[in-house]
Structure formats: C-alpha cells, structure tokens
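Text of upload05.cif, listed as mmCIF, C-alpha atoms:
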data_final
loop_
_atom_site.group_PDB
_atom_site.id
_atom_site.type_symbol
_atom_site.label_atom_id
_atom_site.label_comp_id
_atom_site.auth_asym_id
_atom_site.auth_seq_id
_atom_site.Cartn_x
_atom_site.Cartn_y
_atom_site.Cartn_z
ATOM 1 C CA MET A 1 -29.903 12.788 -16.068
ATOM 2 C CA LYS A 2 -26.196 13.471 -15.490
ATOM 3 C CA LYS A 3 -26.307 11.116 -12.523
ATOM 4 C CA PHE A 4 -27.861 8.406 -14.726
ATOM 5 C CA PHE A 5 -25.132 8.728 -17.363
ATOM 6 C CA LYS A 6 -22.483 8.702 -14.649
ATOM 7 C CA ILE A 7 -23.862 5.473 -13.168
ATOM 8 C CA PHE A 8 -24.252 3.985 -16.647
ATOM 9 C CA GLY A 9 -20.656 4.919 -17.466
ATOM 10 C CA VAL A 10 -19.360 3.293 -14.278
ATOM 11 C CA ILE A 11 -21.335 0.091 -14.984
ATOM 12 C CA LEU A 12 -20.084 0.010 -18.573
ATOM 13 C CA LEU A 13 -16.500 0.511 -17.432
ATOM 14 C CA LEU A 14 -16.852 -2.323 -14.894
ATOM 15 C CA LEU A 15 -18.248 -4.611 -17.584
ATOM 16 C CA ILE A 16 -15.348 -3.785 -19.893
ATOM 17 C CA ILE A 17 -12.876 -4.494 -17.085
ATOM 18 C CA LEU A 18 -14.596 -7.803 -16.282
ATOM 19 C CA VAL A 19 -14.649 -8.907 -19.919
ATOM 20 C CA ALA A 20 -11.044 -7.852 -20.443
ATOM 21 C CA GLY A 21 -10.032 -9.619 -17.238
ATOM 22 C CA ALA A 22 -11.811 -12.785 -18.286
ATOM 23 C CA GLY A 23 -10.112 -12.654 -21.676
ATOM 24 C CA ILE A 24 -6.685 -12.176 -20.104
ATOM 25 C CA TYR A 25 -7.336 -15.064 -17.710
ATOM 26 C CA VAL A 26 -8.433 -17.415 -20.509
ATOM 27 C CA LYS A 27 -5.439 -16.514 -22.680
ATOM 28 C CA SER A 28 -2.835 -16.579 -19.899
ATOM 29 C CA ALA A 29 -4.008 -19.128 -17.313
ATOM 30 C CA LEU A 30 -5.651 -21.688 -19.606
ATOM 31 C CA PRO A 31 -5.443 -24.419 -20.709
ATOM 32 C CA ASN A 32 -4.698 -25.935 -17.322
ATOM 33 C CA VAL A 33 -4.374 -29.698 -17.632
ATOM 34 C CA GLY A 34 -1.076 -30.120 -15.823
ATOM 35 C CA GLU A 35 2.427 -30.924 -16.982
ATOM 36 C CA PRO A 36 3.021 -33.831 -19.364
ATOM 37 C CA PRO A 37 3.691 -37.075 -17.491
ATOM 38 C CA VAL A 38 7.186 -38.524 -17.392
ATOM 39 C CA LEU A 39 6.803 -41.543 -19.651
ATOM 40 C CA THR A 40 9.025 -43.930 -21.543
ATOM 41 C CA ILE A 41 6.771 -46.312 -23.428
ATOM 42 C CA GLU A 42 8.304 -49.674 -24.241
ATOM 43 C CA LYS A 43 7.689 -50.471 -27.909
ATOM 44 C CA THR A 44 6.793 -54.139 -27.538
ATOM 45 C CA PRO A 45 5.551 -56.086 -30.570
ATOM 46 C CA ALA A 46 2.147 -56.497 -28.879
ATOM 47 C CA ARG A 47 1.787 -52.767 -28.299
ATOM 48 C CA ILE A 48 2.863 -51.885 -31.822
ATOM 49 C CA GLU A 49 0.386 -54.350 -33.297
ATOM 50 C CA ARG A 50 -2.450 -53.102 -31.083
ATOM 51 C CA GLY A 51 -1.547 -49.500 -31.861
ATOM 52 C CA LYS A 52 -1.490 -50.241 -35.588
ATOM 53 C CA TYR A 53 -4.993 -51.688 -35.369
ATOM 54 C CA LEU A 54 -6.350 -48.751 -33.382
ATOM 55 C CA ALA A 55 -4.617 -46.016 -35.400
ATOM 56 C CA ASN A 56 -5.694 -47.466 -38.754
ATOM 57 C CA HIS A 57 -9.078 -49.044 -38.109
ATOM 58 C CA VAL A 58 -10.702 -47.747 -34.885
ATOM 59 C CA SER A 59 -9.419 -44.337 -33.802
ATOM 60 C CA VAL A 60 -8.227 -43.864 -37.417
ATOM 61 C CA CYS A 61 -5.444 -41.421 -36.540
ATOM 62 C CA MET A 62 -3.839 -42.150 -39.903
ATOM 63 C CA ASP A 63 -6.937 -40.961 -41.741
ATOM 64 C CA CYS A 64 -6.603 -37.313 -40.689
ATOM 65 C CA HIS A 65 -2.823 -37.292 -40.463
ATOM 66 C CA SER A 66 -2.270 -38.448 -44.066
ATOM 67 C CA THR A 67 -3.407 -37.165 -47.459
ATOM 68 C CA ARG A 68 -6.803 -38.199 -48.840
ATOM 69 C CA ASP A 69 -7.821 -38.246 -52.506
ATOM 70 C CA TRP A 70 -11.193 -36.498 -52.825
ATOM 71 C CA ASN A 71 -11.486 -37.566 -56.456
ATOM 72 C CA TYR A 72 -12.591 -40.999 -55.218
ATOM 73 C CA PHE A 73 -15.423 -42.211 -52.993
ATOM 74 C CA ALA A 74 -14.704 -41.909 -49.255
ATOM 75 C CA ALA A 75 -11.451 -40.108 -50.110
ATOM 76 C CA PRO A 76 -9.014 -43.021 -49.643
ATOM 77 C CA LEU A 77 -5.476 -42.352 -48.481
ATOM 78 C CA SER A 78 -3.196 -41.323 -51.323
ATOM 79 C CA GLY A 79 0.169 -41.014 -49.615
ATOM 80 C CA ASN A 80 2.027 -38.818 -47.131
ATOM 81 C CA PHE A 81 1.307 -41.489 -44.516
ATOM 82 C CA GLY A 82 1.290 -39.729 -41.147
ATOM 83 C CA GLY A 83 2.901 -36.626 -42.634
ATOM 84 C CA GLY A 84 -0.061 -34.375 -41.864
ATOM 85 C CA GLY A 85 -1.184 -31.274 -43.701
ATOM 86 C CA GLU A 86 -4.861 -32.118 -44.204
ATOM 87 C CA LYS A 87 -6.730 -28.819 -43.967
ATOM 88 C CA PHE A 88 -9.961 -28.370 -42.035
ATOM 89 C CA SER A 89 -10.903 -24.938 -43.285
ATOM 90 C CA ALA A 90 -13.459 -22.192 -42.849
ATOM 91 C CA GLU A 91 -14.764 -23.149 -46.307
ATOM 92 C CA MET A 92 -15.551 -26.589 -44.883
ATOM 93 C CA GLY A 93 -17.490 -25.058 -41.992
ATOM 94 C CA PHE A 94 -14.764 -24.941 -39.340
ATOM 95 C CA PRO A 95 -14.167 -21.764 -37.266
ATOM 96 C CA GLY A 96 -10.779 -21.107 -38.796
ATOM 97 C CA ASN A 97 -8.126 -23.054 -40.654
ATOM 98 C CA PHE A 98 -6.789 -26.109 -38.859
ATOM 99 C CA TYR A 99 -4.118 -28.493 -40.110
ATOM 100 C CA ALA A 100 -3.479 -32.086 -39.078
ATOM 101 C CA ARG A 101 0.033 -32.295 -37.667
ATOM 102 C CA ASN A 102 2.872 -34.432 -38.933
ATOM 103 C CA ILE A 103 2.946 -37.387 -36.522
ATOM 104 C CA THR A 104 5.880 -39.254 -38.028
ATOM 105 C CA PRO A 105 9.273 -39.336 -36.273
ATOM 106 C CA TYR A 106 10.364 -36.470 -38.549
ATOM 107 C CA ALA A 107 8.146 -34.084 -36.564
ATOM 108 C CA LEU A 108 7.893 -35.888 -33.224
ATOM 109 C CA ALA A 109 11.558 -36.722 -32.690
ATOM 110 C CA ASN A 110 11.885 -33.949 -30.101
ATOM 111 C CA TRP A 111 8.605 -34.781 -28.349
ATOM 112 C CA THR A 112 8.722 -36.979 -25.277
ATOM 113 C CA ASP A 113 6.257 -39.838 -24.936
ATOM 114 C CA GLY A 114 4.624 -37.858 -22.133
ATOM 115 C CA GLU A 115 4.163 -34.806 -24.379
ATOM 116 C CA ILE A 116 2.517 -36.896 -27.075
ATOM 117 C CA PHE A 117 0.363 -38.568 -24.417
ATOM 118 C CA ARG A 118 -0.789 -35.199 -23.062
ATOM 119 C CA ALA A 119 -1.587 -33.861 -26.541
ATOM 120 C CA VAL A 120 -3.612 -36.931 -27.527
ATOM 121 C CA THR A 121 -5.580 -37.204 -24.289
ATOM 122 C CA THR A 122 -6.054 -33.600 -23.153
ATOM 123 C CA GLY A 123 -5.569 -31.376 -26.207
ATOM 124 C CA VAL A 124 -2.443 -29.475 -25.160
ATOM 125 C CA SER A 125 0.613 -29.441 -27.414
ATOM 126 C CA LYS A 126 4.307 -29.693 -26.533
ATOM 127 C CA ASN A 127 4.568 -25.916 -26.127
ATOM 128 C CA GLY A 128 1.430 -25.685 -23.988
ATOM 129 C CA ASN A 129 -0.933 -24.403 -26.687
ATOM 130 C CA ALA A 130 -4.541 -25.591 -26.885
ATOM 131 C CA LEU A 131 -5.466 -27.848 -29.808
ATOM 132 C CA PHE A 132 -8.768 -27.478 -31.623
ATOM 133 C CA PRO A 133 -10.861 -30.620 -31.024
ATOM 134 C CA VAL A 134 -11.016 -31.584 -34.697
ATOM 135 C CA MET A 135 -8.703 -34.141 -33.108
ATOM 136 C CA PRO A 136 -11.143 -35.736 -30.666
ATOM 137 C CA TYR A 137 -8.916 -35.694 -27.612
ATOM 138 C CA HIS A 138 -11.945 -35.593 -25.309
ATOM 139 C CA GLY A 139 -12.780 -39.112 -26.463
ATOM 140 C CA PHE A 140 -9.189 -40.327 -26.439
ATOM 141 C CA GLY A 141 -8.922 -39.075 -22.858
ATOM 142 C CA GLN A 142 -11.627 -41.577 -21.878
ATOM 143 C CA MET A 143 -9.810 -44.582 -23.293
ATOM 144 C CA ASP A 144 -7.657 -47.126 -21.496
ATOM 145 C CA GLN A 145 -4.176 -45.653 -20.954
ATOM 146 C CA GLU A 146 -2.645 -48.857 -22.273
ATOM 147 C CA ASP A 147 -4.378 -48.321 -25.628
ATOM 148 C CA ILE A 148 -2.937 -44.795 -25.824
ATOM 149 C CA TYR A 149 0.505 -46.225 -25.033
ATOM 150 C CA SER A 150 0.016 -48.680 -27.898
ATOM 151 C CA ILE A 151 -0.919 -45.921 -30.351
ATOM 152 C CA ILE A 152 2.169 -43.921 -29.348
ATOM 153 C CA ALA A 153 4.384 -47.017 -29.672
ATOM 154 C CA TYR A 154 3.024 -47.583 -33.191
ATOM 155 C CA VAL A 155 3.375 -43.942 -34.253
ATOM 156 C CA ARG A 156 7.017 -44.042 -33.187
ATOM 157 C CA THR A 157 7.599 -46.792 -35.797
ATOM 158 C CA LEU A 158 6.243 -44.835 -38.775
ATOM 159 C CA GLU A 159 8.549 -43.941 -41.633
ATOM 160 C CA PRO A 160 9.645 -40.303 -41.246
ATOM 161 C CA VAL A 161 7.887 -37.987 -43.689
ATOM 162 C CA LYS A 162 9.556 -34.649 -44.352
ATOM 163 C CA ASN A 163 6.557 -32.324 -44.436
ATOM 164 C CA GLU A 164 6.347 -28.914 -42.810
ATOM 165 C CA VAL A 165 2.736 -28.230 -41.798
ATOM 166 C CA PRO A 166 1.339 -24.655 -41.460
ATOM 167 C CA GLU A 167 0.204 -23.482 -38.051
ATOM 168 C CA SER A 168 -3.523 -23.689 -37.343
ATOM 169 C CA VAL A 169 -5.365 -20.383 -36.921
ATOM 170 C CA ALA A 170 -8.779 -20.071 -35.239
ATOM 171 C CA ASP A 171 -11.256 -17.299 -36.001
ATOM 172 C CA PHE A 172 -12.414 -14.898 -33.266
ATOM 173 C CA PRO A 173 -13.964 -15.610 -30.764
ATOM 174 C CA VAL A 174 -12.939 -19.268 -31.025
ATOM 175 C CA SER A 175 -9.345 -18.064 -30.888
ATOM 176 C CA ILE A 176 -10.127 -17.045 -27.270
ATOM 177 C CA LEU A 177 -12.518 -19.882 -26.422
ATOM 178 C CA LEU A 178 -9.999 -22.431 -27.704
ATOM 179 C CA ASN A 179 -8.086 -22.269 -24.426
ATOM 180 C CA THR A 180 -11.179 -23.446 -22.536
ATOM 181 C CA MET A 181 -11.577 -26.602 -24.636
ATOM 182 C CA PRO A 182 -8.766 -28.862 -23.382
ATOM 183 C CA SER A 183 -9.584 -30.844 -20.248
ATOM 184 C CA LYS A 184 -7.930 -33.364 -17.989
ATOM 185 C CA ALA A 185 -8.312 -36.958 -19.065
ATOM 186 C CA THR A 186 -10.706 -39.344 -17.324
ATOM 187 C CA PHE A 187 -9.266 -42.702 -18.275
ATOM 188 C CA THR A 188 -11.210 -45.951 -18.100
ATOM 189 C CA LYS A 189 -10.292 -49.602 -18.303
ATOM 190 C CA MET A 190 -11.255 -51.375 -21.496
ATOM 191 C CA PRO A 191 -14.203 -53.679 -20.697
ATOM 192 C CA ALA A 192 -14.046 -57.382 -21.447
ATOM 193 C CA GLU A 193 -15.160 -58.241 -24.987
ATOM 194 C CA THR A 194 -17.732 -60.583 -23.449
ATOM 195 C CA ASP A 195 -19.493 -57.535 -21.993
ATOM 196 C CA GLN A 196 -20.601 -56.627 -25.494
ATOM 197 C CA ILE A 197 -22.517 -53.404 -24.863
ATOM 198 C CA ALA A 198 -19.908 -51.912 -22.514
ATOM 199 C CA TYR A 199 -17.149 -52.971 -24.906
ATOM 200 C CA GLY A 200 -19.099 -51.479 -27.820
ATOM 201 C CA LYS A 201 -19.414 -48.194 -25.944
ATOM 202 C CA TYR A 202 -15.661 -48.200 -25.403
ATOM 203 C CA LEU A 203 -15.037 -48.701 -29.128
ATOM 204 C CA VAL A 204 -17.536 -45.975 -30.044
ATOM 205 C CA THR A 205 -15.633 -43.623 -27.741
ATOM 206 C CA ALA A 206 -12.285 -44.683 -29.227
ATOM 207 C CA ALA A 207 -13.675 -44.142 -32.737
ATOM 208 C CA SER A 208 -15.191 -40.775 -31.754
ATOM 209 C CA CYS A 209 -18.447 -41.591 -33.557
ATOM 210 C CA VAL A 210 -20.354 -38.985 -31.550
ATOM 211 C CA GLU A 211 -18.058 -36.184 -32.727
ATOM 212 C CA CYS A 212 -19.162 -36.458 -36.355
ATOM 213 C CA HIS A 213 -22.665 -37.821 -35.794
ATOM 214 C CA SER A 214 -23.922 -34.851 -33.741
ATOM 215 C CA LYS A 215 -24.558 -31.200 -34.448
ATOM 216 C CA MET A 216 -21.646 -28.880 -33.728
ATOM 217 C CA GLU A 217 -21.369 -25.151 -33.141
ATOM 218 C CA LYS A 218 -18.041 -23.341 -32.813
ATOM 219 C CA GLY A 219 -16.185 -26.551 -32.076
ATOM 220 C CA ALA A 220 -18.581 -27.739 -29.361
ATOM 221 C CA ARG A 221 -21.201 -30.462 -29.561
ATOM 222 C CA VAL A 222 -24.766 -29.162 -29.336
ATOM 223 C CA GLU A 223 -26.384 -30.559 -26.209
ATOM 224 C CA GLY A 224 -29.088 -33.132 -26.883
ATOM 225 C CA THR A 225 -27.964 -34.023 -30.418
ATOM 226 C CA ASP A 226 -25.590 -36.891 -29.589
ATOM 227 C CA PHE A 227 -25.484 -39.480 -32.399
ATOM 228 C CA GLY A 228 -28.491 -37.809 -34.054
ATOM 229 C CA GLY A 229 -26.492 -36.655 -37.076
ATOM 230 C CA GLY A 230 -26.655 -33.370 -38.902
ATOM 231 C CA MET A 231 -23.070 -32.138 -38.653
ATOM 232 C CA GLU A 232 -22.255 -30.326 -41.891
ATOM 233 C CA PHE A 233 -19.133 -30.861 -43.967
ATOM 234 C CA LYS A 234 -18.322 -28.726 -46.975
ATOM 235 C CA ILE A 235 -16.619 -31.059 -49.429
ATOM 236 C CA PRO A 236 -15.505 -30.400 -53.023
ATOM 237 C CA THR A 237 -18.756 -31.715 -54.509
ATOM 238 C CA GLY A 238 -21.260 -30.088 -52.119
ATOM 239 C CA THR A 239 -22.549 -30.064 -48.546
ATOM 240 C CA LEU A 240 -22.525 -33.348 -46.665
ATOM 241 C CA ARG A 241 -24.389 -34.034 -43.409
ATOM 242 C CA SER A 242 -23.708 -36.917 -41.070
ATOM 243 C CA PRO A 243 -26.525 -39.456 -40.693
ATOM 244 C CA ASN A 244 -28.528 -40.247 -37.588
ATOM 245 C CA ILE A 245 -27.068 -43.367 -35.931
ATOM 246 C CA THR A 246 -29.317 -43.479 -32.861
ATOM 247 C CA SER A 247 -31.710 -46.369 -32.282
ATOM 248 C CA ASP A 248 -34.607 -44.416 -33.810
ATOM 249 C CA LYS A 249 -36.338 -46.820 -36.206
ATOM 250 C CA ALA A 250 -37.641 -44.216 -38.638
ATOM 251 C CA THR A 251 -34.672 -41.871 -39.059
ATOM 252 C CA GLY A 252 -31.786 -43.703 -37.387
ATOM 253 C CA ILE A 253 -30.459 -47.279 -37.462
ATOM 254 C CA GLY A 254 -32.972 -48.822 -35.057
ATOM 255 C CA SER A 255 -34.380 -51.023 -37.808
ATOM 256 C CA TRP A 256 -30.980 -52.226 -39.035
ATOM 257 C CA THR A 257 -29.946 -55.821 -38.401
ATOM 258 C CA GLU A 258 -26.576 -56.724 -36.961
ATOM 259 C CA GLU A 259 -25.729 -58.498 -40.211
ATOM 260 C CA GLY A 260 -26.640 -55.447 -42.293
ATOM 261 C CA PHE A 261 -24.606 -53.148 -40.046
ATOM 262 C CA VAL A 262 -21.477 -55.306 -40.261
ATOM 263 C CA LYS A 263 -21.868 -55.768 -44.014
ATOM 264 C CA ARG A 264 -22.084 -51.985 -44.474
ATOM 265 C CA PHE A 265 -18.494 -51.780 -43.238
ATOM 266 C CA LYS A 266 -17.070 -55.023 -44.546
ATOM 267 C CA THR A 267 -18.139 -54.295 -48.142
ATOM 268 C CA TYR A 268 -15.116 -52.024 -48.369
ATOM 269 C CA ALA A 269 -12.760 -54.756 -47.134
ATOM 270 C CA ASP A 270 -13.573 -57.048 -50.051
ATOM 271 C CA SER A 271 -10.496 -57.592 -52.209
ATOM 272 C CA SER A 272 -12.543 -56.819 -55.318
ATOM 273 C CA TYR A 273 -13.687 -53.405 -54.040
ATOM 274 C CA LYS A 274 -12.179 -50.369 -55.734
ATOM 275 C CA PRO A 275 -13.306 -46.820 -54.851
ATOM 276 C CA HIS A 276 -15.135 -45.250 -57.777
ATOM 277 C CA ARG A 277 -14.272 -41.854 -59.162
ATOM 278 C CA VAL A 278 -16.640 -39.103 -57.972
ATOM 279 C CA GLY A 279 -18.025 -36.536 -60.412
ATOM 280 C CA PRO A 280 -17.996 -32.765 -59.718
ATOM 281 C CA LYS A 281 -21.512 -32.772 -58.191
ATOM 282 C CA GLU A 282 -21.798 -36.364 -57.000
ATOM 283 C CA PHE A 283 -22.215 -37.654 -53.452
ATOM 284 C CA ASN A 284 -19.054 -38.276 -51.514
ATOM 285 C CA THR A 285 -18.396 -38.830 -47.824
ATOM 286 C CA VAL A 286 -15.840 -37.968 -45.149
ATOM 287 C CA MET A 287 -16.495 -41.367 -43.547
ATOM 288 C CA PRO A 288 -13.233 -43.317 -43.993
ATOM 289 C CA TRP A 289 -14.951 -46.562 -44.962
ATOM 290 C CA ASN A 290 -11.740 -48.092 -46.279
ATOM 291 C CA MET A 291 -10.130 -47.784 -42.853
ATOM 292 C CA TYR A 292 -13.080 -48.776 -40.652
ATOM 293 C CA ALA A 293 -13.546 -51.805 -42.899
ATOM 294 C CA GLY A 294 -10.448 -53.275 -41.277
ATOM 295 C CA MET A 295 -12.192 -53.591 -37.913
ATOM 296 C CA LYS A 296 -12.772 -57.058 -36.552
ATOM 297 C CA GLU A 297 -16.320 -58.302 -37.093
ATOM 298 C CA SER A 298 -16.686 -58.891 -33.365
ATOM 299 C CA ASP A 299 -15.799 -55.240 -32.743
ATOM 300 C CA LEU A 300 -18.341 -54.060 -35.306
ATOM 301 C CA LYS A 301 -20.976 -56.264 -33.671
ATOM 302 C CA ALA A 302 -20.177 -54.720 -30.287
ATOM 303 C CA ILE A 303 -20.525 -51.217 -31.750
ATOM 304 C CA TYR A 304 -23.878 -52.204 -33.245
ATOM 305 C CA ALA A 305 -25.043 -53.608 -29.907
ATOM 306 C CA TYR A 306 -24.157 -50.393 -28.095
ATOM 307 C CA LEU A 307 -25.707 -48.069 -30.685
ATOM 308 C CA GLN A 308 -28.974 -49.985 -30.360
ATOM 309 C CA THR A 309 -29.066 -48.818 -26.725
ATOM 310 C CA VAL A 310 -28.483 -45.143 -27.570
ATOM 311 C CA ARG A 311 -31.462 -42.890 -26.868
ATOM 312 C CA PRO A 312 -33.472 -42.602 -30.101
ATOM 313 C CA LEU A 313 -33.587 -39.153 -31.669
ATOM 314 C CA THR A 314 -35.996 -38.401 -34.476
ATOM 315 C CA ASN A 315 -33.957 -36.344 -36.909
ATOM 316 C CA VAL A 316 -34.425 -36.461 -40.661
ATOM 317 C CA VAL A 317 -31.109 -35.601 -42.280
ATOM 318 C CA THR A 318 -30.667 -34.456 -45.863
ATOM 319 C CA LYS A 319 -27.366 -36.228 -46.335
ATOM 320 C CA PHE A 320 -26.084 -34.380 -49.381
ATOM 321 C CA GLU A 321 -26.704 -31.249 -51.392
ATOM 322 C CA PRO A 322 -24.527 -30.884 -54.511
ATOM 323 C CA ILE A 323 -22.828 -27.596 -55.308
ATOM 324 C CA PRO A 324 -25.075 -25.328 -57.416
#
Can the structure in the file be given as structure tokens, please?
Amino acid sequence: MKKFFKIFGVILLLLIILVAGAGIYVKSALPNVGEPPVLTIEKTPARIERGKYLANHVSVCMDCHSTRDWNYFAAPLSGNFGGGGEKFSAEMGFPGNFYARNITPYALANWTDGEIFRAVTTGVSKNGNALFPVMPYHGFGQMDQEDIYSIIAYVRTLEPVKNEVPESVADFPVSILLNTMPSKATFTKMPAETDQIAYGKYLVTAASCVECHSKMEKGARVEGTDFGGGMEFKIPTGTLRSPNITSDKATGIGSWTEEGFVKRFKTYADSSYKPHRVGPKEFNTVMPWNMYAGMKESDLKAIYAYLQTVRPLTNVVTKFEPIP
C-alpha cells in the first residue's frame, strides 16, 4: 500500500510539474507571431476611400470602436467615433471584461503602421500582449494586405478622440488560454468581382459573419456550427441569439431570394428610415444594420451567392428571450 501511495505521489507530482510548465510556457513564450513588420503606409486618396468603405460598411471597425445607443433598434452609433470604450462583459456572456480600444490618432499616435497591422491581422498588441478575438483578427488575417493597408490609412485620418479606455481582463482559464489564440496571418488576394462566389466568400471573411453566426465557447468557435447561428448575446432587454445563415431551407436562408436578401440590408439605407426606440423587454439586435446598409448592392449580392453555397445546417434558433 505504501508503495502504491509513493507511486501515486510521484505521478501526481509529475502531472503538477507538467501542468505548471505548460502554463509557464503559454504565459512566457506565447503569443508567437513574430515582430511587427516595418511599414510606412502611404495615405493615398484611393486607400483612404477604400478604407472608409471597409471600416464603416464591411469590416465595420467603427461599430465596435465607437459608442452605440442601446435605446434604439440595432444600437446605432451615438458618438465617440473611433474613441473606443465599448464593453464586452461577463454579463453579456464573454469570459471576462473586454473593451474596444481607442483607434483614433489620440491613442495610436505612438503606434507604427506595422504595429497596427500586426494587431489587426494576428491579435498581438504594440506591447506584445494577446488580444481577445472579440476583434476578429483571424478573419482580418485572411484578407488582402492592401485592404488592411487601406483600413489603417483611413484610421489615421480620424479626428482624435480623447478617451482613456480601461484595460481588458479575461477570466481564468481564458486568461491563460488567451495567449494561444493569436496566430500568424494567412493573407489572400481579393478575387475579381466577376468571380461572384469567391468574391462573396472574401467579403464574408472581411465582415466576420461566421464569428457571430456560430456557437462560441470560451472565445473559440464550436467546430461544426459555422454559420448555423446560436451565439448568445446578453443585451439590456434580454438574451439574443444569432440566426442561422446557412443554405438550409427550413431554418436558414436557403429559401431567401437574392432580392429579399439585399432588401433586408438596404431597408436601413433608406433616407426615410429612423431607428425606433426599444422598450425595456423588446427585441433588439447587435447586428449593425445601419452600417452594413452602406454596402454596395453588388457586394451584398456576392455575399448572398456565397452563403447559398455554405453547407446547410438544420438549427432552429430562438432569436430572443426578453428579461424576466
């Protein structure tokens, strides 16, 4: 019996050493995505205009990095443009409290273009810390480098907003696992618009549709749920779940027409549209309709074409449950 306990004790000690060693490695050696590139991005009018389009209507950087008014449908922007501070909290279902950073020149003046580029495309900040993927850097790291250059060129032109943003804090064990999340970018070239499905896939990646329209656990997408919906968001009026946008005809958008899909977005671009005020238990959405509405119709058609090729998943989603 003594021999058994001795062996058991040795095994337990080895396990503790292994776990401790793994933890030390993750905290000290990761993330490992390399040094930021040496970049000086020329702010040409074409780049700034392209970056403005992407940051406001496709990748919607300005949505998270500004202040939204949750008193109105789809929480339209209410100021603090690019100044950050939006909180993604434990109460909302996130594994900790994460804050969108200030991305105006007030906060980024001391960042090089290469440091911004690395943060956006790999998830590692100026000081080498891992960023929680509430900013979908995994998707941005698959975009065309020229589009990332354009976004950075545009962000450099924003009006400085003096806003000091709190540091993000992850709960355990995500505070350890966080260092494993950043990864090296795998850039692609933007397909020709004439290759509609490939171009649509590119736009879906740039818009990070899969990040919200899949199930998530501890900051990671659940395998096999891509585009099937079900991610939960705790919002002031209740619990919201993202819809299924696969090609499934019964529970997804497989039965939608191209015209209906485009109209769903463009309704919010109509000059007569005004977001309605949302009651304390009424349906609201995190989907920034007002921003996506600015997408070109041809881009929306390409997104529709690609989503119709996505593997259908049968998943009935209860989109909203009001607070008790």
**OP:** Tell me which of A:Ile303, A:Ile176, A:Val165, A:Met295 sits closest to Ala55 (chain A), counting only C-alpha atoms.
**Re:**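 Distance minimum relative to Ala55 (chain A) lands on A:Met295.
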Original post:
Could you state the separation of CA of Gly83 (chain A) and CA of Thr180 (chain A) in Å, given to one decimal place?
Top reply: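 Atom-to-atom, CA of Gly83 (chain A) to CA of Thr180 (chain A), that is 27.9 Å.
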Could you list, with a cut-off of 7 Å and counting only C-alpha atoms, the residues of region 27-108 of chain A near region 223-236 of chain A, each shown with its nearest atom pair and the distance in Å rounded to one decimal, rows sorted by chain and ascending number, as a Markdown table?
| residue | atom | partner | partner_atom | distance |
| --- | --- | --- | --- | --- |
| A:Glu91 | CA | A:Lys234 | CA | 6.6 |
| A:Met92 | CA | A:Lys234 | CA | 4.1 |
| A:Gly93 | CA | A:Lys234 | CA | 6.2 |
Original post:
Which one is closest to Trp111 (chain A): A:Val169, A:Val38, A:Met190, A:Met135? Count all atoms listed in the file.
Top reply: A:Val38
Subject >> Best match for closeness to Pro182 (chain A) among A:Ala90, A:Cys61, A:Ile116, A:Val33, counting only C-alpha atoms >> reply: A:Val33
Original post:
By how many Å are CA of Phe94 (chain A) and CA of Val286 (chain A) apart?
Top reply: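 Computing it gives 14.3 Å between the two atoms.
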Please report, as lines of an AutoDock Vina configuration file, the centre and edge lengths in Å to one decimal of an axis-aligned box covering all listed atoms of region 263-280 of chain A with 5 Å per side.
center_x = -16.3
center_y = -45.2
center_z = -51.8
size_x = 21.6
size_y = 34.8
size_z = 27.2
**OP:** Would you write out, as a list of chain:residue names, every residue that the PyMOL selection byres ((chain A and resi 139-149) around 7) captures in this file?
**Re:**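 So the PyMOL selection byres ((chain A and resi 139-149) around 7), applied here, picks out A:Ile41, A:Gly51, A:Val120, A:Thr121, A:Thr122, A:Pro136, A:Tyr137, A:His138, A:Ser150, A:Ile151, A:Ile152, A:Ala153, A:Ala185, A:Thr186, A:Phe187, A:Thr188, A:Lys189, A:Met190, A:Thr205, A:Ala206, A:Ser208.
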Expected selection from the PyMOL selection byres ((chain A and resi 134) around 10), given as a PDB file with C-alpha atoms, keeping the file's coordinate frame:
ATOM      1  CA  CYS A  64      -6.603 -37.313 -40.689  1.00  0.00           C
ATOM      2  CA  PHE A  88      -9.961 -28.370 -42.035  1.00  0.00           C
ATOM      3  CA  PHE A  94     -14.764 -24.941 -39.340  1.00  0.00           C
ATOM      4  CA  PHE A  98      -6.789 -26.109 -38.859  1.00  0.00           C
ATOM      5  CA  TYR A  99      -4.118 -28.493 -40.110  1.00  0.00           C
ATOM      6  CA  ALA A 100      -3.479 -32.086 -39.078  1.00  0.00           C
ATOM      7  CA  LEU A 131      -5.466 -27.848 -29.808  1.00  0.00           C
ATOM      8  CA  PHE A 132      -8.768 -27.478 -31.623  1.00  0.00           C
ATOM      9  CA  PRO A 133     -10.861 -30.620 -31.024  1.00  0.00           C
ATOM     10  CA  MET A 135      -8.703 -34.141 -33.108  1.00  0.00           C
ATOM     11  CA  PRO A 136     -11.143 -35.736 -30.666  1.00  0.00           C
ATOM     12  CA  TYR A 137      -8.916 -35.694 -27.612  1.00  0.00           C
ATOM     13  CA  GLU A 211     -18.058 -36.184 -32.727  1.00  0.00           C
ATOM     14  CA  CYS A 212     -19.162 -36.458 -36.355  1.00  0.00           C
ATOM     15  CA  GLY A 219     -16.185 -26.551 -32.076  1.00  0.00           C
TER      16      GLY A 219
END
